[in-house]
>>> print(open('my_file.pdb').read())   # PDB, C-alpha atoms and all ligand atoms
ATOM      1  CA  MET A   1       0.000   0.000   0.000
ATOM      2  CA  LYS A   2       1.337   3.436  -0.888
ATOM      3  CA  TYR A   3       2.685   5.573   1.926
ATOM      4  CA  ASP A   4       3.297   9.305   1.862
ATOM      5  CA  ALA A   5       4.220  12.237   4.091
ATOM      6  CA  GLN A   6       0.946  13.664   5.341
ATOM      7  CA  ASP A   7      -0.016  16.642   7.491
ATOM      8  CA  CYS A   8      -2.660  15.911  10.113
ATOM      9  CA  GLU A   9      -4.407  18.293  12.493
ATOM     10  CA  LEU A  10      -4.427  17.295  16.151
ATOM     11  CA  VAL A  11      -8.167  17.571  16.835
ATOM     12  CA  ALA A  12      -8.296  16.021  20.320
ATOM     13  CA  LYS A  13      -5.788  15.134  22.992
ATOM     14  CA  ALA A  14      -6.194  13.277  26.276
ATOM     15  CA  GLN A  15      -3.851  12.006  28.959
ATOM     16  CA  LEU A  16      -4.703   8.402  29.920
ATOM     17  CA  THR A  17      -2.094   7.869  32.667
ATOM     18  CA  ALA A  18       0.865   9.819  34.062
ATOM     19  CA  THR A  19       2.886   8.953  30.942
ATOM     20  CA  ILE A  20       0.426   7.847  28.239
ATOM     21  CA  TYR A  21      -1.231  10.197  25.733
ATOM     22  CA  ASP A  22      -4.152   9.677  23.365
ATOM     23  CA  PHE A  23      -4.029  11.797  20.175
ATOM     24  CA  ARG A  24      -6.756  12.095  17.525
ATOM     25  CA  LEU A  25      -5.390  13.291  14.175
ATOM     26  CA  LYS A  26      -7.590  14.357  11.287
ATOM     27  CA  ASN A  27      -6.682  13.417   7.725
ATOM     28  CA  PRO A  28      -9.574  11.919   5.685
ATOM     29  CA  ALA A  29      -7.389  10.515   2.875
ATOM     30  CA  LEU A  30      -5.032   8.791   5.287
ATOM     31  CA  ALA A  31      -7.839   7.462   7.483
ATOM     32  CA  ALA A  32      -9.464   5.942   4.390
ATOM     33  CA  ILE A  33      -6.433   3.808   3.462
ATOM     34  CA  THR A  34      -5.023   2.868   6.870
ATOM     35  CA  ARG A  35      -5.478  -0.818   7.731
ATOM     36  CA  PRO A  36      -5.590  -2.365  11.226
ATOM     37  CA  GLY A  37      -2.115  -3.110  12.633
ATOM     38  CA  GLN A  38      -0.265  -0.529  10.557
ATOM     39  CA  PHE A  39       1.925   2.201  12.018
ATOM     40  CA  VAL A  40       3.010   5.754  11.264
ATOM     41  CA  GLN A  41       6.357   7.556  11.469
ATOM     42  CA  VAL A  42       5.797  10.785  13.393
ATOM     43  CA  LEU A  43       7.910  13.878  12.754
ATOM     44  CA  VAL A  44       8.893  15.379  16.084
ATOM     45  CA  PRO A  45      10.070  19.024  16.237
ATOM     46  CA  SER A  46      13.906  19.339  16.307
ATOM     47  CA  LYS A  47      14.451  15.583  15.757
ATOM     48  CA  THR A  48      15.861  14.179  12.508
ATOM     49  CA  LEU A  49      14.561  10.665  13.066
ATOM     50  CA  ARG A  50      10.823  10.127  13.095
ATOM     51  CA  ARG A  51       9.251   8.029  15.880
ATOM     52  CA  PRO A  52       7.167   4.940  14.993
ATOM     53  CA  ILE A  53       3.720   4.767  16.630
ATOM     54  CA  SER A  54       1.015   2.193  15.863
ATOM     55  CA  VAL A  55      -2.422   3.194  14.705
ATOM     56  CA  CYS A  56      -4.659   2.477  17.702
ATOM     57  CA  ASP A  57      -7.897   3.081  15.820
ATOM     58  CA  VAL A  58      -9.497   4.838  12.872
ATOM     59  CA  GLU A  59     -12.723   6.721  13.586
ATOM     60  CA  GLY A  60     -14.152   8.206  10.372
ATOM     61  CA  ASP A  61     -11.666  10.849   9.195
ATOM     62  CA  VAL A  62      -9.550  10.555  12.302
ATOM     63  CA  LEU A  63      -6.548   8.391  13.247
ATOM     64  CA  ARG A  64      -6.019   7.639  16.892
ATOM     65  CA  LEU A  65      -2.478   7.229  18.276
ATOM     66  CA  VAL A  66      -1.863   6.215  21.887
ATOM     67  CA  PHE A  67       1.738   6.549  23.008
ATOM     68  CA  GLU A  68       3.880   6.468  26.097
ATOM     69  CA  VAL A  69       6.487   9.110  26.873
ATOM     70  CA  ARG A  70       9.756   7.156  26.945
ATOM     71  CA  GLY A  71      12.411   9.655  25.921
ATOM     72  CA  GLU A  72      12.926  13.102  24.411
ATOM     73  CA  GLY A  73      11.013  12.470  21.170
ATOM     74  CA  THR A  74       7.782  11.283  22.733
ATOM     75  CA  ALA A  75       8.077  13.953  25.463
ATOM     76  CA  LEU A  76       8.199  16.656  22.750
ATOM     77  CA  LEU A  77       5.329  15.019  20.872
ATOM     78  CA  ALA A  78       3.211  15.031  24.037
ATOM     79  CA  GLN A  79       3.525  18.843  24.146
ATOM     80  CA  THR A  80       1.682  19.288  20.817
ATOM     81  CA  LYS A  81      -1.425  21.428  21.243
ATOM     82  CA  VAL A  82      -4.891  20.805  19.797
ATOM     83  CA  GLY A  83      -5.122  22.639  16.445
ATOM     84  CA  GLU A  84      -1.432  22.168  15.618
ATOM     85  CA  ILE A  85      -0.229  20.105  12.638
ATOM     86  CA  ILE A  86       1.714  16.847  12.979
ATOM     87  CA  ASN A  87       3.443  15.337   9.934
ATOM     88  CA  LEU A  88       3.304  11.550   9.505
ATOM     89  CA  ILE A  89       4.771   9.152   6.974
ATOM     90  CA  ALA A  90       1.935   6.660   6.688
ATOM     91  CA  PRO A  91       0.445   4.145   6.433
ATOM     92  CA  LEU A  92       3.351   1.743   7.051
ATOM     93  CA  GLY A  93       3.793  -1.992   7.608
ATOM     94  CA  HIS A  94       1.487  -5.003   7.525
ATOM     95  CA  GLY A  95      -1.032  -5.871  10.214
ATOM     96  CA  PHE A  96      -2.491  -9.137  11.536
ATOM     97  CA  THR A  97      -4.220 -11.727   9.376
ATOM     98  CA  LEU A  98      -7.813 -11.161  10.420
ATOM     99  CA  GLU A  99     -10.647 -13.648   9.927
ATOM    100  CA  PRO A 100     -13.631 -11.878  11.513
ATOM    101  CA  ASP A 101     -15.806 -15.024  11.516
ATOM    102  CA  LYS A 102     -13.193 -16.993  13.531
ATOM    103  CA  LYS A 103     -12.685 -16.921  17.327
ATOM    104  CA  THR A 104      -9.622 -14.740  17.696
ATOM    105  CA  ILE A 105      -7.837 -14.070  20.953
ATOM    106  CA  PHE A 106      -6.025 -10.726  21.109
ATOM    107  CA  VAL A 107      -3.395 -10.502  23.822
ATOM    108  CA  GLY A 108      -1.869  -7.154  24.757
ATOM    109  CA  GLY A 109       0.711  -6.208  27.347
ATOM    110  CA  GLY A 110       1.207  -2.626  28.622
ATOM    111  CA  ILE A 111       1.807  -0.177  25.786
ATOM    112  CA  GLY A 112       1.316  -3.165  23.427
ATOM    113  CA  VAL A 113      -2.428  -2.858  24.093
ATOM    114  CA  PRO A 114      -3.294   0.185  21.882
ATOM    115  CA  PRO A 115      -2.057  -1.369  18.597
ATOM    116  CA  LEU A 116      -4.669  -4.149  19.009
ATOM    117  CA  LEU A 117      -7.847  -2.057  19.253
ATOM    118  CA  TYR A 118      -8.497  -1.438  15.545
ATOM    119  CA  SER A 119      -7.755  -5.086  14.674
ATOM    120  CA  ALA A 120      -9.898  -6.485  17.518
ATOM    121  CA  LYS A 121     -12.803  -4.264  16.414
ATOM    122  CA  GLN A 122     -12.828  -6.035  13.031
ATOM    123  CA  CYS A 123     -13.586  -9.351  14.796
ATOM    124  CA  GLY A 124     -16.315  -7.803  17.004
ATOM    125  CA  GLN A 125     -18.183 -10.469  19.006
ATOM    126  CA  ASN A 126     -15.690 -13.122  17.845
ATOM    127  CA  ALA A 127     -12.855 -11.276  19.553
ATOM    128  CA  ILE A 128     -11.714 -12.247  23.030
ATOM    129  CA  VAL A 129      -9.224  -9.708  24.380
ATOM    130  CA  ILE A 130      -6.808 -10.342  27.241
ATOM    131  CA  ASN A 131      -4.968  -7.170  28.242
ATOM    132  CA  GLY A 132      -2.298  -7.220  30.949
ATOM    133  CA  PHE A 133      -0.802  -4.343  32.911
ATOM    134  CA  ARG A 134       1.633  -3.941  35.813
ATOM    135  CA  GLN A 135      -0.948  -2.423  38.160
ATOM    136  CA  ARG A 136      -4.356  -0.739  38.214
ATOM    137  CA  SER A 137      -3.014   2.769  37.513
ATOM    138  CA  ALA A 138      -1.514   1.523  34.227
ATOM    139  CA  VAL A 139      -4.799   0.176  32.822
ATOM    140  CA  ILE A 140      -5.822   1.946  29.591
ATOM    141  CA  LEU A 141      -8.576   1.688  26.944
ATOM    142  CA  GLU A 142     -10.799  -0.566  29.089
ATOM    143  CA  ASP A 143     -14.083   0.988  27.880
ATOM    144  CA  ASP A 144     -12.947   1.110  24.247
ATOM    145  CA  PHE A 145     -12.227  -2.621  24.158
ATOM    146  CA  ARG A 146     -15.314  -3.539  26.229
ATOM    147  CA  GLN A 147     -17.608  -1.768  23.750
ATOM    148  CA  ALA A 148     -15.926  -3.256  20.682
ATOM    149  CA  VAL A 149     -15.371  -6.948  21.402
ATOM    150  CA  GLY A 150     -17.137 -10.084  22.670
ATOM    151  CA  GLN A 151     -15.145 -10.543  25.870
ATOM    152  CA  LEU A 152     -12.500  -8.486  27.671
ATOM    153  CA  ILE A 153     -10.284  -9.954  30.376
ATOM    154  CA  LEU A 154      -7.883  -7.726  32.293
ATOM    155  CA  THR A 155      -4.922  -8.892  34.333
ATOM    156  CA  THR A 156      -2.514  -7.023  36.583
ATOM    157  CA  ASP A 157       0.850  -8.351  37.747
ATOM    158  CA  ASP A 158       0.186  -7.227  41.326
ATOM    159  CA  GLY A 159      -3.493  -8.252  41.379
ATOM    160  CA  SER A 160      -4.711  -4.677  41.998
ATOM    161  CA  TYR A 161      -7.303  -4.947  39.155
ATOM    162  CA  GLY A 162      -8.789  -7.783  37.104
ATOM    163  CA  LEU A 163      -7.231 -11.229  37.410
ATOM    164  CA  PRO A 164      -3.929 -11.430  39.290
ATOM    165  CA  GLY A 165      -0.878 -12.579  37.315
ATOM    166  CA  PHE A 166       0.129 -12.692  33.666
ATOM    167  CA  VAL A 167      -1.991 -12.771  30.496
ATOM    168  CA  THR A 168      -0.744 -16.290  29.705
ATOM    169  CA  GLN A 169      -2.852 -17.814  32.513
ATOM    170  CA  PRO A 170      -6.307 -16.918  31.086
ATOM    171  CA  LEU A 171      -4.925 -17.426  27.583
ATOM    172  CA  GLU A 172      -4.087 -21.062  28.287
ATOM    173  CA  GLU A 173      -7.608 -21.682  29.625
ATOM    174  CA  LEU A 174      -9.182 -20.163  26.508
ATOM    175  CA  LEU A 175      -6.881 -21.672  23.891
ATOM    176  CA  PRO A 176      -8.955 -24.830  23.285
ATOM    177  CA  GLN A 177     -11.740 -22.626  21.851
ATOM    178  CA  ALA A 178      -9.479 -20.313  19.808
ATOM    179  CA  ASP A 179      -8.896 -20.272  16.039
ATOM    180  CA  ARG A 180      -6.180 -17.602  16.036
ATOM    181  CA  ILE A 181      -4.058 -15.493  18.397
ATOM    182  CA  CYS A 182      -2.842 -11.926  17.738
ATOM    183  CA  ALA A 183      -0.435 -10.463  20.293
ATOM    184  CA  CYS A 184       1.507  -7.271  20.983
ATOM    185  CA  GLY A 185       3.644  -6.429  23.998
ATOM    186  CA  PRO A 186       7.004  -7.090  25.638
ATOM    187  CA  MET A 187       9.220  -9.768  24.058
ATOM    188  CA  PRO A 188       9.168 -12.191  27.052
ATOM    189  CA  MET A 189       5.334 -12.124  26.957
ATOM    190  CA  LEU A 190       5.303 -12.719  23.196
ATOM    191  CA  LYS A 191       7.774 -15.585  23.519
ATOM    192  CA  ASN A 192       5.589 -17.330  26.128
ATOM    193  CA  ILE A 193       2.483 -16.800  23.988
ATOM    194  CA  ALA A 194       4.308 -18.292  20.984
ATOM    195  CA  LYS A 195       5.173 -21.380  23.069
ATOM    196  CA  LEU A 196       1.537 -21.850  24.147
ATOM    197  CA  ALA A 197       0.323 -21.376  20.565
ATOM    198  CA  GLN A 198       2.701 -24.084  19.377
ATOM    199  CA  GLN A 199       1.645 -26.424  22.193
ATOM    200  CA  TYR A 200      -2.069 -26.008  21.351
ATOM    201  CA  HIS A 201      -1.535 -25.842  17.548
ATOM    202  CA  VAL A 202      -3.227 -22.447  17.241
ATOM    203  CA  PRO A 203      -1.965 -20.031  14.519
ATOM    204  CA  CYS A 204      -0.419 -17.011  16.200
ATOM    205  CA  GLU A 205       0.931 -13.683  14.971
ATOM    206  CA  VAL A 206       2.939 -11.201  17.005
ATOM    207  CA  SER A 207       3.529  -7.498  16.430
ATOM    208  CA  LEU A 208       7.200  -6.684  17.122
ATOM    209  CA  GLU A 209       8.879  -3.454  18.164
ATOM    210  CA  GLN A 210      12.388  -2.576  17.072
ATOM    211  CA  ARG A 211      14.413   0.633  17.061
ATOM    212  CA  MET A 212      13.705   2.306  13.717
ATOM    213  CA  ALA A 213      15.212   5.053  11.587
ATOM    214  CA  CYS A 214      13.668   5.332   8.102
ATOM    215  CA  GLY A 215      10.587   3.128   8.681
ATOM    216  CA  ILE A 216      10.389   2.212   4.990
ATOM    217  CA  GLY A 217      12.979  -0.540   4.496
ATOM    218  CA  ALA A 218      15.844   1.677   3.351
ATOM    219  CA  CYS A 219      18.267   1.840   6.278
ATOM    220  CA  LEU A 220      18.381  -1.759   7.582
ATOM    221  CA  GLY A 221      18.012  -0.334  11.084
ATOM    222  CA  CYS A 222      15.172  -2.552  12.271
ATOM    223  CA  ALA A 223      16.482  -6.038  11.460
ATOM    224  CA  VAL A 224      14.932  -9.016  13.208
ATOM    225  CA  ALA A 225      16.041 -12.645  12.849
ATOM    226  CA  VAL A 226      13.324 -14.960  11.502
ATOM    227  CA  LYS A 227      13.256 -18.637  10.556
ATOM    228  CA  GLU A 228      12.327 -19.624   7.010
ATOM    229  CA  ALA A 229      10.287 -22.745   6.197
ATOM    230  CA  ASP A 230      13.512 -24.561   5.226
ATOM    231  CA  GLY A 231      15.018 -23.865   8.657
ATOM    232  CA  ARG A 232      17.379 -21.083   7.513
ATOM    233  CA  VAL A 233      17.545 -18.019   9.749
ATOM    234  CA  ILE A 234      17.567 -14.690   7.911
ATOM    235  CA  TYR A 235      17.063 -11.044   8.783
ATOM    236  CA  ARG A 236      13.815  -9.297   7.942
ATOM    237  CA  HIS A 237      12.809  -5.659   8.450
ATOM    238  CA  VAL A 238      10.244  -4.970  11.143
ATOM    239  CA  CYS A 239       9.166  -1.813   9.286
ATOM    240  CA  LYS A 240       8.674  -3.296   5.800
ATOM    241  CA  ASP A 241       8.102  -7.042   6.374
ATOM    242  CA  GLY A 242       6.284  -6.543   9.711
ATOM    243  CA  PRO A 243       5.639  -5.310  12.289
ATOM    244  CA  VAL A 244       3.455  -8.463  12.407
ATOM    245  CA  PHE A 245       5.161 -11.864  12.012
ATOM    246  CA  ASP A 246       4.060 -15.480  12.378
ATOM    247  CA  SER A 247       5.099 -16.375  15.934
ATOM    248  CA  GLN A 248       6.621 -19.684  14.825
ATOM    249  CA  CYS A 249       9.014 -17.823  12.486
ATOM    250  CA  VAL A 250      10.541 -15.497  15.080
ATOM    251  CA  ALA A 251      14.004 -16.555  16.288
ATOM    252  CA  TRP A 252      13.065 -16.326  19.970
ATOM    253  CA  ASP A 253      16.243 -17.986  21.223
ATOM    254  CA  GLY A 254      18.616 -15.524  19.581
ATOM    255  CA  GLU A 255      19.471 -17.657  16.537
ATOM    256  CA  LYS A 256      21.492 -15.647  13.996
ATOM    257  CA  PRO A 257      21.640 -15.895  10.189
ATOM    258  CA  GLN A 258      24.480 -18.058   8.778
ATOM    259  CA  PRO A 259      25.946 -16.938   6.472
ATOM    260  CA  VAL A 260      25.025 -13.268   5.884
ATOM    261  CA  THR A 261      24.417 -12.560   2.166
ATOM    262  CA  SER A 262      24.544  -9.268   0.285
ATOM    263  CA  ASN A 263      20.723  -9.066   0.379
ATOM    264  CA  THR A 264      20.444  -9.209   4.138
ATOM    265  CA  PRO A 265      21.089  -6.461   6.655
ATOM    266  CA  ASP A 266      24.463  -7.178   8.238
ATOM    267  CA  LYS A 267      24.364  -4.768  11.096
ATOM    268  CA  LYS A 268      22.418  -4.460  14.309
ATOM    269  CA  PRO A 269      19.487  -2.061  14.657
ATOM    270  CA  ASN A 270      20.433   1.593  15.026
ATOM    271  CA  GLU A 271      21.357   2.060  18.686
ATOM    272  CA  LYS A 272      21.795   5.851  18.472
ATOM    273  CA  GLU A 273      19.437   7.830  20.622
ATOM    274  CA  GLY A 274      18.469  11.484  20.724
ATOM    275  CA  GLN A 275      18.526  12.074  16.963
TER     276      GLN A 275
HETATM  277  C1  LIG B 301       6.262  -0.496  14.757
HETATM  278  C2  LIG B 301       6.307   0.215  16.103
HETATM  279  C3  LIG B 301       5.123   0.643  16.670
HETATM  280  C4  LIG B 301       5.139   1.310  17.897
HETATM  281  N1  LIG B 301       3.953   1.699  18.432
HETATM  282  C5  LIG B 301       3.954   2.356  19.596
HETATM  283  C6  LIG B 301       2.713   2.785  20.172
HETATM  284  O1  LIG B 301       1.623   2.575  19.602
HETATM  285  N2  LIG B 301       2.752   3.445  21.348
HETATM  286  C7  LIG B 301       3.951   3.683  21.993
HETATM  287  O2  LIG B 301       3.929   4.265  23.075
HETATM  288  N3  LIG B 301       5.131   3.302  21.488
HETATM  289  C8  LIG B 301       5.169   2.644  20.307
HETATM  290  N4  LIG B 301       6.374   2.260  19.776
HETATM  291  C9  LIG B 301       7.625   2.603  20.510
HETATM  292  C10 LIG B 301       8.016   4.065  20.207
HETATM  293  O3  LIG B 301       8.384   4.169  18.853
HETATM  294  C11 LIG B 301       9.216   4.496  21.076
HETATM  295  O4  LIG B 301       8.806   4.488  22.419
HETATM  296  C12 LIG B 301       9.663   5.894  20.690
HETATM  297  O5  LIG B 301      10.232   5.871  19.401
HETATM  298  C13 LIG B 301      10.685   6.403  21.701
HETATM  299  O6  LIG B 301      11.146   7.649  21.231
HETATM  300  P1  LIG B 301      11.753   8.723  22.246
HETATM  301  O7  LIG B 301      12.465   9.746  21.463
HETATM  302  O8  LIG B 301      10.719   9.189  23.192
HETATM  303  O9  LIG B 301      12.726   7.846  23.087
HETATM  304  P2  LIG B 301      14.289   7.631  22.859
HETATM  305  O10 LIG B 301      15.015   8.734  23.558
HETATM  306  O11 LIG B 301      14.593   7.346  21.432
HETATM  307  O12 LIG B 301      14.419   6.275  23.704
HETATM  308  C14 LIG B 301      13.948   6.226  25.065
HETATM  309  C15 LIG B 301      13.772   4.786  25.490
HETATM  310  O13 LIG B 301      12.773   4.140  24.674
HETATM  311  C16 LIG B 301      13.318   2.954  24.108
HETATM  312  N5  LIG B 301      12.851   2.842  22.718
HETATM  313  C17 LIG B 301      13.057   3.730  21.724
HETATM  314  N6  LIG B 301      12.511   3.303  20.571
HETATM  315  C18 LIG B 301      11.965   2.116  20.841
HETATM  316  C19 LIG B 301      11.272   1.167  20.058
HETATM  317  N7  LIG B 301      11.055   1.351  18.761
HETATM  318  N8  LIG B 301      10.852   0.060  20.672
HETATM  319  C20 LIG B 301      11.087  -0.138  21.967
HETATM  320  N9  LIG B 301      11.723   0.712  22.761
HETATM  321  C21 LIG B 301      12.165   1.818  22.213
HETATM  322  C22 LIG B 301      14.816   3.154  24.131
HETATM  323  O14 LIG B 301      15.509   1.931  24.209
HETATM  324  C23 LIG B 301      15.039   3.972  25.367
HETATM  325  O15 LIG B 301      15.134   3.171  26.494
HETATM  326  C24 LIG B 301       6.387   1.568  18.565
HETATM  327  C25 LIG B 301       7.583   1.142  17.985
HETATM  328  C26 LIG B 301       7.544   0.466  16.770
HETATM  329  C27 LIG B 301       8.822   0.002  16.158
HETATM  330  S1  LIG B 302      13.724   1.356   9.921
HETATM  331 FE1  LIG B 302      14.965   1.582   8.137
HETATM  332  S2  LIG B 302      14.842  -0.394   7.288
HETATM  333 FE2  LIG B 302      13.408  -0.510   8.916
END
>>> encode(input="my_file.pdb", output="structure tokens")
Amino acid sequence: MKYDAQDCELVAKAQLTATIYDFRLKNPALAAITRPGQFVQVLVPSKTLRRPISVCDVEGDVLRLVFEVRGEGTALLAQTKVGEIINLIAPLGHGFTLEPDKKTIFVGGGIGVPPLLYSAKQCGQNAIVINGFRQRSAVILEDDFRQAVGQLILTTDDGSYGLPGFVTQPLEELLPQADRICACGPMPMLKNIAKLAQQYHVPCEVSLEQRMACGIGACLGCAVAVKEADGRVIYRHVCKDGPVFDSQCVAWDGEKPQPVTSNTPDKKPNEKEGQ
């Protein structure tokens, strides 16, 4: 799908927690072509490198981005005022394989929860969503998911809200009735979900995060090791080939490509910060 640099007006802004912001950006043409699970590269004032943020939802002419302030770039972005213009390169990447008539379990962890909303909405009553957070004060988008899907289960690590413990506990109980799993969150969570999916023979896709520079497959900055059907391990780009990958293809145990060819990125993701 064709991406482009696009100006969007910030038409609404909310703060969901101490560090998480919810932006609504108006651009009818962009909203019309953005698919669930895609992301945008946001231009931040005074920064050369754009910051990748997933599309949380599309509501008519408006794209919704929910992001956490982690460093300088997202802190500057959070200062944008309603009415100001934000430039995005979008839409980017490929989302989950969605089969709205199949029972799909969406599993989100922390700031991995927002990228699932638009996809889960497509499955409506057939979507079961399990969202996990550290504690009650970190819970976001509860009403949005509850209104959009068949069942919402919340977990907190410390038991202060919803079920106590990790998302994998309710997931394992529900897996016998699932046709697919879509997951987004921290790597250890995704790795455990991939293991369960393999054990129960349920197709599973995971949305990965990687440090990014260009966001369009040109800089090789977002390489991730994946296993091919023939067992070879090669590098793929999270920005261009992902961010969603089949969980059984991800090299969870740190396997590296052997040998590196001229077509594969031969360096690690860009580690530079503050650009
Ligand atoms: C495809 C994709 C989709 C994303 N979607 C969202 C989203 O919907 N909401 C959201 O809050 N964040 C999302 N992120 C993460 C977001 O891009 C980073 O948090 C942001 O770029 C940090 O920029 P910064 O200038 O504030 O921080 P920096 O100063 O660049 O870094 C601050 C800290 O954040 C960590 N960090 C930076 N970039 C990333 C990254 N790409 N992944 C993981 N950790 C990172 C750094 O290691 C460092 O510890 C996504 C990342 C990718 C690759
Ligand atoms: S960020 Fe440049 S290739 Fe992916």
>>> atom_distance(input="my_file.pdb", atom1="atom C25 of ligand LIG 301 (chain B)", atom2="CA of Glu59 (chain A)")
21.5 Å
>>> closest_atom_pairs(input="my_file.pdb", of="chain A", to="ligand LIG 301 (chain B)", cutoff="6 Å", atoms="only C-alpha atoms and all ligand atoms", output="tab-separated table")
residue	atom	partner	partner_atom	distance
A:Phe39	CA	B:LIG301	C1	5.8
A:Arg51	CA	B:LIG301	O5	4.2
A:Pro52	CA	B:LIG301	O3	4.1
A:Ile53	CA	B:LIG301	N1	3.6
A:Ser54	CA	B:LIG301	O1	3.8
A:Val66	CA	B:LIG301	N2	5.4
A:Phe67	CA	B:LIG301	O2	3.2
A:Glu68	CA	B:LIG301	O2	3.7
A:Val69	CA	B:LIG301	O8	5.6
A:Arg70	CA	B:LIG301	O8	4.4
A:Gly71	CA	B:LIG301	O8	3.2
A:Glu72	CA	B:LIG301	O7	4.5
A:Gly73	CA	B:LIG301	O7	3.1
A:Thr74	CA	B:LIG301	O8	3.6
A:Ala75	CA	B:LIG301	O8	5.9
A:Ile111	CA	B:LIG301	O2	5.6
A:Pro114	CA	B:LIG301	O1	5.9
A:Pro115	CA	B:LIG301	O1	5.5
A:Glu209	CA	B:LIG301	C27	4.0
A:Gln210	CA	B:LIG301	N7	4.5
A:Arg211	CA	B:LIG301	N7	3.8
A:Met212	CA	B:LIG301	N7	5.8
A:Pro243	CA	B:LIG301	C1	5.4
A:Glu273	CA	B:LIG301	O11	4.9
A:Gly274	CA	B:LIG301	O10	5.2
>>> closest_residue(input="my_file.pdb", among="A:Leu171, A:Val40, A:Ile33, A:Val202", to="ligand LIG 302 (chain B)", atoms="only C-alpha atoms and all ligand atoms")
A:Val40
>>> closest_atom_pairs(input="my_file.pdb", of="chain A", to="ligand LIG 302 (chain B)", cutoff="7 Å", atoms="only C-alpha atoms and all ligand atoms", output="Markdown table")
| residue | atom | partner | partner_atom | distance |
| --- | --- | --- | --- | --- |
| A:Met212 | CA | B:LIG302 | S1 | 3.9 |
| A:Ala213 | CA | B:LIG302 | S1 | 4.3 |
| A:Cys214 | CA | B:LIG302 | FE1 | 4.0 |
| A:Gly215 | CA | B:LIG302 | S1 | 3.8 |
| A:Ile216 | CA | B:LIG302 | FE1 | 5.6 |
| A:Gly217 | CA | B:LIG302 | S2 | 3.4 |
| A:Ala218 | CA | B:LIG302 | S2 | 4.6 |
| A:Cys219 | CA | B:LIG302 | FE1 | 3.8 |
| A:Leu220 | CA | B:LIG302 | S2 | 3.8 |
| A:Gly221 | CA | B:LIG302 | FE1 | 4.7 |
| A:Cys222 | CA | B:LIG302 | FE2 | 4.3 |
| A:Ala223 | CA | B:LIG302 | FE2 | 6.8 |
| A:His237 | CA | B:LIG302 | FE2 | 5.2 |
| A:Val238 | CA | B:LIG302 | FE2 | 5.9 |
| A:Cys239 | CA | B:LIG302 | FE2 | 4.5 |
| A:Lys240 | CA | B:LIG302 | FE2 | 6.3 |
>>> axis_aligned_box(input="my_file.pdb", around="region 168-181 of chain A", padding_each_side="3 Å", output="lines of an AutoDock Vina configuration file")
center_x = -6.2
center_y = -20.2
center_z = 24.3
size_x = 17.0
size_y = 15.3
size_z = 22.5
